[in-house]
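Notes to accompany the following structure.
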Amino acid sequence: MRAAVVVFPGSNRDGDVARALTRSGADVVKVWHAETELPAGTDLAVVPGGFSYGDYLRCGAIAGRAAAMDAVRAHAARGGLVLGICNGFQILCESGLLPGVLMRNVQRRFICHRQFLRVEQTDTRFASAYRKGQVIDVCVAHGEGNYFADADTLARLEGEGRVAFRYCDAAGTLTEDANRNGSLNSIAGIYSEQRNVLGMMPHPENFVDDLVGGTDGRGLFDSLAA
Amino acid sequence: MKARIVVTLKSGVLDPQGKAIEAALKSLSIDDVSGVRQGKVFDLEIASENREQAEATLKAACEKLLANTVVENYTIEIA
């Protein structure tokens with residue numbers, strides 16, 4: 001598995017995701033946003049979390065139009081894997097690789113806490129190491145994570161089984177309390193039509209090492225590197 | 001030519017910032033306001049002297065970057 005992590009001005013989780021991928025056995029290189037091509041042989045392009053361009057205009061709006069994102073779009077069109085986490089998810093939505101938009105959290109506060117997620121799909125390159133319906137314990141840290149899409153898009157995502165993860169409580173129940181940013185249908189992550197692109201607000205890369213209190217994020221990187 | 005682009009949230013899209021601003025206005029005893037929605041204004045200059053061409057350019061700017069048409073509308077005013 002060869003992974004390319006795209007770095008924008010203001011990205012700050014590129015190191016963590018690179019470390020998580022390396023730990024699972026991937027070869028990782030970083031790619032500056034001005035590059036027009038991904039390194040030859042790239043299997044997975046990663047758009048990491050952070051505050052690209054200071055969240056100017058809209059979160060992910062400027063990064064979504066960077067030169068490297070043209071290369072990521074071409075990679076995805078060839079069937080290549082793309083993972084966007086947090087600001088990376090916002091960038092994938094802004095770049096047109098995923099439908100919908102991440103709006104300001106409904107309660108207007110930046111949220112930063114541990115979060116349970118229910119794994120909705122496991123027959124993908126991203127989640128095969130999990131069990132369907134498994135509840136995983138990861139982290140969220142964002143001010144704009146409130147997933148919104150029009151009714152038709154939402155119905156399509158649900159109908160095609162493209163919701164990857166949902167916010168839930170420890171028992172796997174979808175509650176209003178567990179869905180603190182107000183996302184429609186408690187959506188925490190979605191797949192593209194071909195399931196080769198995944199965008200998610202939570203940070204699986206935070207929890208790959210016992211040292212920091214959890215390892216439930218490993219499954220995602222192990223799935224990818226398998 | 002000078003132009004102004006106004007980007008607003010589509011109706012039905014939740015605007016937590018607008019709600020917070022409305023609550024703040026009410027806390028200042030400005031009570032007769034409701035339905036506050038926050039938007040963005042872009043003032044810019046455009047090289048073209050042809051109005052139609054300028055409109056096409058500005059429309060492209062809105063569609064490609066300035067507005068996220070999933071949740072936002074835009075209007076273009078050319079001075």
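Within each chain, counting starts at residue 1; across the structure tokens, chains are named A, B, ... in the order shown, with ligands numbered 1 upward in that order.
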message: I'd like the contact shell of Ser48 (chain B) - 8 Å cut-off, only C-alpha atoms, skipping same-chain residues fewer than 5 positions apart - returned as number ranges by chain.
response: B: 1, 53-54
Residues as selected, C-alpha atoms, written as a PDB file, in the first residue's frame, can you do that?
ATOM      1  CA  MET B   1     -16.250  47.896 -13.595  1.00  0.00           C
ATOM      2  CA  GLN B  53     -19.045  39.184 -20.467  1.00  0.00           C
ATOM      3  CA  ALA B  54     -18.578  40.539 -16.945  1.00  0.00           C
TER       4      ALA B  54
END
- prompt: Mind checking DSSP for chain A and telling me the alpha helix (DSSP H) residues as a PyMOL selection string?
  reply: chain A and resi 14-23+67-77+87-94+151-159+218-225
Go ahead and save the residues from that selection, with N, CA and C atoms, as a compact mmCIF listing (two decimals), in the first residue's frame.
# COMPACT_ATOMS: atom_id res chain seq x y z
N ASP A 14 -1.60 15.88 9.26
CA ASP A 14 -0.91 15.06 8.26
C ASP A 14 0.09 14.11 8.92
N GLY A 15 0.78 14.59 9.95
CA GLY A 15 1.76 13.74 10.63
C GLY A 15 1.10 12.57 11.32
N ASP A 16 -0.05 12.82 11.94
CA ASP A 16 -0.74 11.75 12.69
C ASP A 16 -1.27 10.67 11.76
N VAL A 17 -1.84 11.10 10.64
CA VAL A 17 -2.42 10.11 9.73
C VAL A 17 -1.29 9.33 9.04
N ALA A 18 -0.18 10.01 8.76
CA ALA A 18 0.98 9.33 8.17
C ALA A 18 1.50 8.27 9.14
N ARG A 19 1.54 8.63 10.41
CA ARG A 19 2.03 7.71 11.43
C ARG A 19 1.10 6.50 11.55
N ALA A 20 -0.22 6.74 11.52
CA ALA A 20 -1.19 5.64 11.64
C ALA A 20 -1.07 4.70 10.44
N LEU A 21 -0.88 5.27 9.25
CA LEU A 21 -0.75 4.44 8.04
C LEU A 21 0.54 3.63 8.08
N THR A 22 1.62 4.27 8.49
CA THR A 22 2.92 3.60 8.57
C THR A 22 2.85 2.44 9.55
N ARG A 23 2.17 2.70 10.67
CA ARG A 23 2.01 1.67 11.69
C ARG A 23 1.30 0.44 11.13
N ALA A 67 -4.27 22.66 -6.91
CA ALA A 67 -3.77 21.83 -8.02
C ALA A 67 -3.74 20.36 -7.62
N ALA A 68 -3.28 20.08 -6.42
CA ALA A 68 -3.17 18.67 -6.01
C ALA A 68 -4.53 17.99 -5.99
N MET A 69 -5.59 18.77 -5.78
CA MET A 69 -6.92 18.15 -5.76
C MET A 69 -7.36 17.71 -7.16
N ASP A 70 -6.85 18.38 -8.20
CA ASP A 70 -7.12 17.89 -9.57
C ASP A 70 -6.51 16.50 -9.71
N ALA A 71 -5.30 16.34 -9.16
CA ALA A 71 -4.62 15.04 -9.22
C ALA A 71 -5.40 14.00 -8.39
N VAL A 72 -5.95 14.43 -7.26
CA VAL A 72 -6.73 13.51 -6.41
C VAL A 72 -8.02 13.11 -7.13
N ARG A 73 -8.66 14.08 -7.81
CA ARG A 73 -9.88 13.76 -8.57
C ARG A 73 -9.57 12.77 -9.69
N ALA A 74 -8.45 12.97 -10.38
CA ALA A 74 -8.07 12.06 -11.47
C ALA A 74 -7.79 10.67 -10.90
N HIS A 75 -7.13 10.62 -9.76
CA HIS A 75 -6.83 9.36 -9.08
C HIS A 75 -8.13 8.64 -8.72
N ALA A 76 -9.09 9.38 -8.19
CA ALA A 76 -10.39 8.78 -7.82
C ALA A 76 -11.13 8.29 -9.05
N ALA A 77 -11.05 9.07 -10.14
CA ALA A 77 -11.75 8.69 -11.38
C ALA A 77 -11.18 7.39 -11.95
N ASN A 87 -11.18 18.16 8.27
CA ASN A 87 -11.05 19.16 7.22
C ASN A 87 -10.92 18.48 5.85
N GLY A 88 -10.34 17.28 5.85
CA GLY A 88 -10.23 16.51 4.60
C GLY A 88 -11.60 16.14 4.05
N PHE A 89 -12.54 15.82 4.92
CA PHE A 89 -13.92 15.52 4.51
C PHE A 89 -14.55 16.79 3.92
N GLN A 90 -14.34 17.91 4.61
CA GLN A 90 -14.87 19.19 4.11
C GLN A 90 -14.29 19.49 2.73
N ILE A 91 -13.00 19.21 2.56
CA ILE A 91 -12.34 19.48 1.27
C ILE A 91 -12.91 18.56 0.18
N LEU A 92 -13.14 17.29 0.52
CA LEU A 92 -13.69 16.36 -0.48
C LEU A 92 -15.09 16.79 -0.92
N CYS A 93 -15.89 17.29 0.02
CA CYS A 93 -17.23 17.80 -0.34
C CYS A 93 -17.10 19.03 -1.22
N GLU A 94 -16.20 19.95 -0.85
CA GLU A 94 -16.02 21.17 -1.64
C GLU A 94 -15.44 20.88 -3.02
N ALA A 151 -32.63 16.52 0.15
CA ALA A 151 -33.40 15.31 0.47
C ALA A 151 -33.12 14.18 -0.54
N ASP A 152 -32.98 14.54 -1.81
CA ASP A 152 -32.72 13.52 -2.84
C ASP A 152 -31.37 12.86 -2.63
N THR A 153 -30.37 13.69 -2.36
CA THR A 153 -29.01 13.18 -2.14
C THR A 153 -28.98 12.26 -0.92
N LEU A 154 -29.65 12.73 0.13
CA LEU A 154 -29.67 11.94 1.37
C LEU A 154 -30.34 10.58 1.13
N ALA A 155 -31.46 10.61 0.41
CA ALA A 155 -32.17 9.37 0.12
C ALA A 155 -31.29 8.42 -0.70
N ARG A 156 -30.52 9.01 -1.61
CA ARG A 156 -29.62 8.18 -2.44
C ARG A 156 -28.52 7.56 -1.59
N LEU A 157 -27.92 8.36 -0.72
CA LEU A 157 -26.84 7.86 0.14
C LEU A 157 -27.35 6.70 0.98
N GLU A 158 -28.54 6.89 1.55
CA GLU A 158 -29.11 5.85 2.41
C GLU A 158 -29.48 4.62 1.58
N GLY A 159 -30.14 4.87 0.43
CA GLY A 159 -30.61 3.77 -0.40
C GLY A 159 -29.48 2.91 -0.95
N ARG A 218 -7.43 1.86 14.61
CA ARG A 218 -6.51 1.01 13.83
C ARG A 218 -7.20 0.28 12.69
N GLY A 219 -8.45 -0.19 12.97
CA GLY A 219 -9.16 -1.01 12.00
C GLY A 219 -9.21 -0.37 10.62
N LEU A 220 -9.38 0.95 10.59
CA LEU A 220 -9.48 1.63 9.30
C LEU A 220 -8.16 1.55 8.53
N PHE A 221 -7.06 1.80 9.24
CA PHE A 221 -5.75 1.80 8.57
C PHE A 221 -5.30 0.37 8.25
N ASP A 222 -5.67 -0.57 9.14
CA ASP A 222 -5.36 -1.98 8.88
C ASP A 222 -6.15 -2.47 7.66
N SER A 223 -7.42 -2.04 7.55
CA SER A 223 -8.23 -2.43 6.38
C SER A 223 -7.56 -1.95 5.10
N LEU A 224 -7.12 -0.68 5.11
CA LEU A 224 -6.52 -0.09 3.92
C LEU A 224 -5.21 -0.76 3.55
N ALA A 225 -4.41 -1.08 4.56
CA ALA A 225 -3.07 -1.62 4.30
C ALA A 225 -3.10 -3.13 4.06
Within 9 Å of chain A: each chain B residue with its shortest pair, only C-alpha atoms, as CSV:
residue,atom,partner,partner_atom,distance
B:Val13,CA,A:Phe148,CA,8.5
B:Leu14,CA,A:Val106,CA,8.0
B:Asp15,CA,A:Arg104,CA,7.8
B:Pro16,CA,A:Val106,CA,6.0
B:Gln17,CA,A:Arg108,CA,7.1
B:Ala20,CA,A:Arg108,CA,8.1
B:Lys40,CA,A:Leu57,CA,8.9
B:Lys64,CA,A:Arg65,CA,8.7
B:Leu65,CA,A:Ala61,CA,7.0
B:Leu66,CA,A:Leu57,CA,7.4
B:Ala67,CA,A:Arg58,CA,8.9
B:Asn68,CA,A:Glu94,CA,7.6
B:Val70,CA,A:Gly100,CA,6.7
B:Val71,CA,A:Val101,CA,7.7
- request: Grab the CA of Val28 (chain A) to CA of Ser11 (chain A) distance for me, in Å with one decimal place.
  value: 16.3 Å
- prompt: Counting only C-alpha atoms, what is within 12 Å of Glu176 (chain A), bar same-chain residues fewer than 2 positions away, as a PyMOL selection string?
  reply: chain A and resi 106-107+166-169+173-174+178-187
Emit the selected residues as a compact mmCIF listing (two decimals), in the first residue's frame, including N, CA and C atoms.
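Output (out_22.txt):
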# COMPACT_ATOMS: atom_id res chain seq x y z
N VAL A 106 -24.55 22.49 15.07
CA VAL A 106 -25.86 23.05 15.38
C VAL A 106 -25.84 23.85 16.68
N GLN A 107 -25.01 23.45 17.63
CA GLN A 107 -25.00 24.19 18.91
C GLN A 107 -23.96 25.31 18.91
N ARG A 166 -21.95 6.28 11.70
CA ARG A 166 -22.90 7.22 12.32
C ARG A 166 -22.49 7.46 13.76
N TYR A 167 -22.79 8.68 14.25
CA TYR A 167 -22.57 9.01 15.66
C TYR A 167 -23.59 8.23 16.48
N CYS A 168 -23.13 7.58 17.54
CA CYS A 168 -24.04 6.79 18.37
C CYS A 168 -23.56 6.83 19.82
N ASP A 169 -24.35 6.20 20.71
CA ASP A 169 -23.91 6.07 22.10
C ASP A 169 -23.14 4.76 22.27
N THR A 173 -26.74 2.98 19.84
CA THR A 173 -28.03 3.61 19.56
C THR A 173 -27.80 5.04 19.06
N LEU A 174 -28.58 5.41 18.04
CA LEU A 174 -28.47 6.77 17.51
C LEU A 174 -29.32 7.69 18.36
N ALA A 178 -25.81 11.95 21.15
CA ALA A 178 -24.59 11.41 20.52
C ALA A 178 -24.27 12.15 19.23
N ASN A 179 -25.27 12.80 18.66
CA ASN A 179 -25.11 13.50 17.38
C ASN A 179 -24.96 14.99 17.66
N ARG A 180 -23.85 15.36 18.30
CA ARG A 180 -23.76 16.71 18.88
C ARG A 180 -23.59 17.81 17.85
N ASN A 181 -23.13 17.48 16.66
CA ASN A 181 -23.00 18.55 15.66
C ASN A 181 -24.28 18.74 14.84
N GLY A 182 -25.25 17.85 15.03
CA GLY A 182 -26.55 18.02 14.36
C GLY A 182 -26.62 17.44 12.96
N SER A 183 -25.70 16.54 12.61
CA SER A 183 -25.69 15.97 11.25
C SER A 183 -26.99 15.27 10.92
N LEU A 184 -27.43 15.41 9.66
CA LEU A 184 -28.61 14.67 9.20
C LEU A 184 -28.36 13.18 9.36
N ASN A 185 -29.35 12.47 9.86
CA ASN A 185 -29.28 11.01 10.03
C ASN A 185 -28.04 10.56 10.80
N SER A 186 -27.51 11.43 11.66
CA SER A 186 -26.32 11.12 12.48
C SER A 186 -25.12 10.71 11.66
N ILE A 187 -25.04 11.26 10.44
CA ILE A 187 -23.96 10.84 9.52
C ILE A 187 -22.60 11.40 9.96
field: Backbone-only DSSP, strand (DSSP E or B) members of chain B, as a count of residues only
entry: 21
query: Using only C-alpha atoms, which residues sit within 7 Å of Lys132 (chain A) once same-chain residues fewer than 5 positions away are excluded, as a PyMOL selection string?
result: chain A and resi 119-122
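Minimum distance to Glu63 (chain B) across B:Val7, B:Lys2, B:Leu44, B:Ile78 (counting only C-alpha atoms) occurs at B:Val7.
If only C-alpha atoms are the atoms counted, then among A:Gly79, A:Gly60, A:Leu97, A:Gly217 the closest residue to Val135 (chain A) is A:Gly217.
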Got a sec: who's within 12 Å of Thr75 (chain B), counting only C-alpha atoms, leaving out chain neighbours fewer than 2 positions off, as a PDB file with C-alpha atoms, in the first residue's frame?
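Output below, filename part-v3.pdb:
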ATOM      1  CA  ALA B   3     -19.243  44.523  -8.886  1.00  0.00           C
ATOM      2  CA  ARG B   4     -20.793  43.212  -5.706  1.00  0.00           C
ATOM      3  CA  ILE B   5     -21.646  39.590  -5.082  1.00  0.00           C
ATOM      4  CA  VAL B   6     -23.947  38.695  -2.215  1.00  0.00           C
ATOM      5  CA  VAL B   7     -23.992  35.096  -1.008  1.00  0.00           C
ATOM      6  CA  THR B   8     -26.818  33.987   1.265  1.00  0.00           C
ATOM      7  CA  LEU B   9     -27.944  30.688   2.728  1.00  0.00           C
ATOM      8  CA  GLY B  39     -24.402  36.001   4.506  1.00  0.00           C
ATOM      9  CA  LYS B  40     -21.284  37.239   2.761  1.00  0.00           C
ATOM     10  CA  VAL B  41     -20.541  40.204   0.522  1.00  0.00           C
ATOM     11  CA  PHE B  42     -17.690  40.281  -2.009  1.00  0.00           C
ATOM     12  CA  GLU B  55     -21.758  38.843 -15.805  1.00  0.00           C
ATOM     13  CA  LEU B  58     -18.850  36.678 -12.198  1.00  0.00           C
ATOM     14  CA  LYS B  59     -21.315  33.822 -12.540  1.00  0.00           C
ATOM     15  CA  ALA B  61     -16.665  32.918 -10.029  1.00  0.00           C
ATOM     16  CA  CYS B  62     -19.766  32.226  -7.939  1.00  0.00           C
ATOM     17  CA  GLU B  63     -20.354  28.735  -9.265  1.00  0.00           C
ATOM     18  CA  LEU B  66     -17.579  32.010  -4.032  1.00  0.00           C
ATOM     19  CA  ALA B  67     -20.815  30.127  -3.311  1.00  0.00           C
ATOM     20  CA  THR B  69     -24.608  26.044  -4.346  1.00  0.00           C
ATOM     21  CA  GLU B  72     -26.053  28.966  -0.789  1.00  0.00           C
ATOM     22  CA  ASN B  73     -27.635  31.343  -3.315  1.00  0.00           C
ATOM     23  CA  GLU B  77     -24.733  43.441  -8.978  1.00  0.00           C
ATOM     24  CA  ILE B  78     -22.621  45.308 -11.491  1.00  0.00           C
TER      25      ILE B  78
END
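Shortest atom-to-atom contact with Leu38 (chain A) among A:Pro204, A:Gly80, A:Gly213, A:Gly199: A:Gly80, counting only C-alpha atoms.
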message: One number please: CA of Ala60 (chain B) to CA of Tyr53 (chain A), in Å, one decimal.
response: 21.6 Å
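Between Cys59 (chain A) and the candidates A:Gly143, A:Gly96, A:Gly172, A:Gly161, the tightest atom-to-atom separation, counting only C-alpha atoms, involves A:Gly143.
CA of Met200 (chain A) is found 25.9 Å from CA of Ala40 (chain A).
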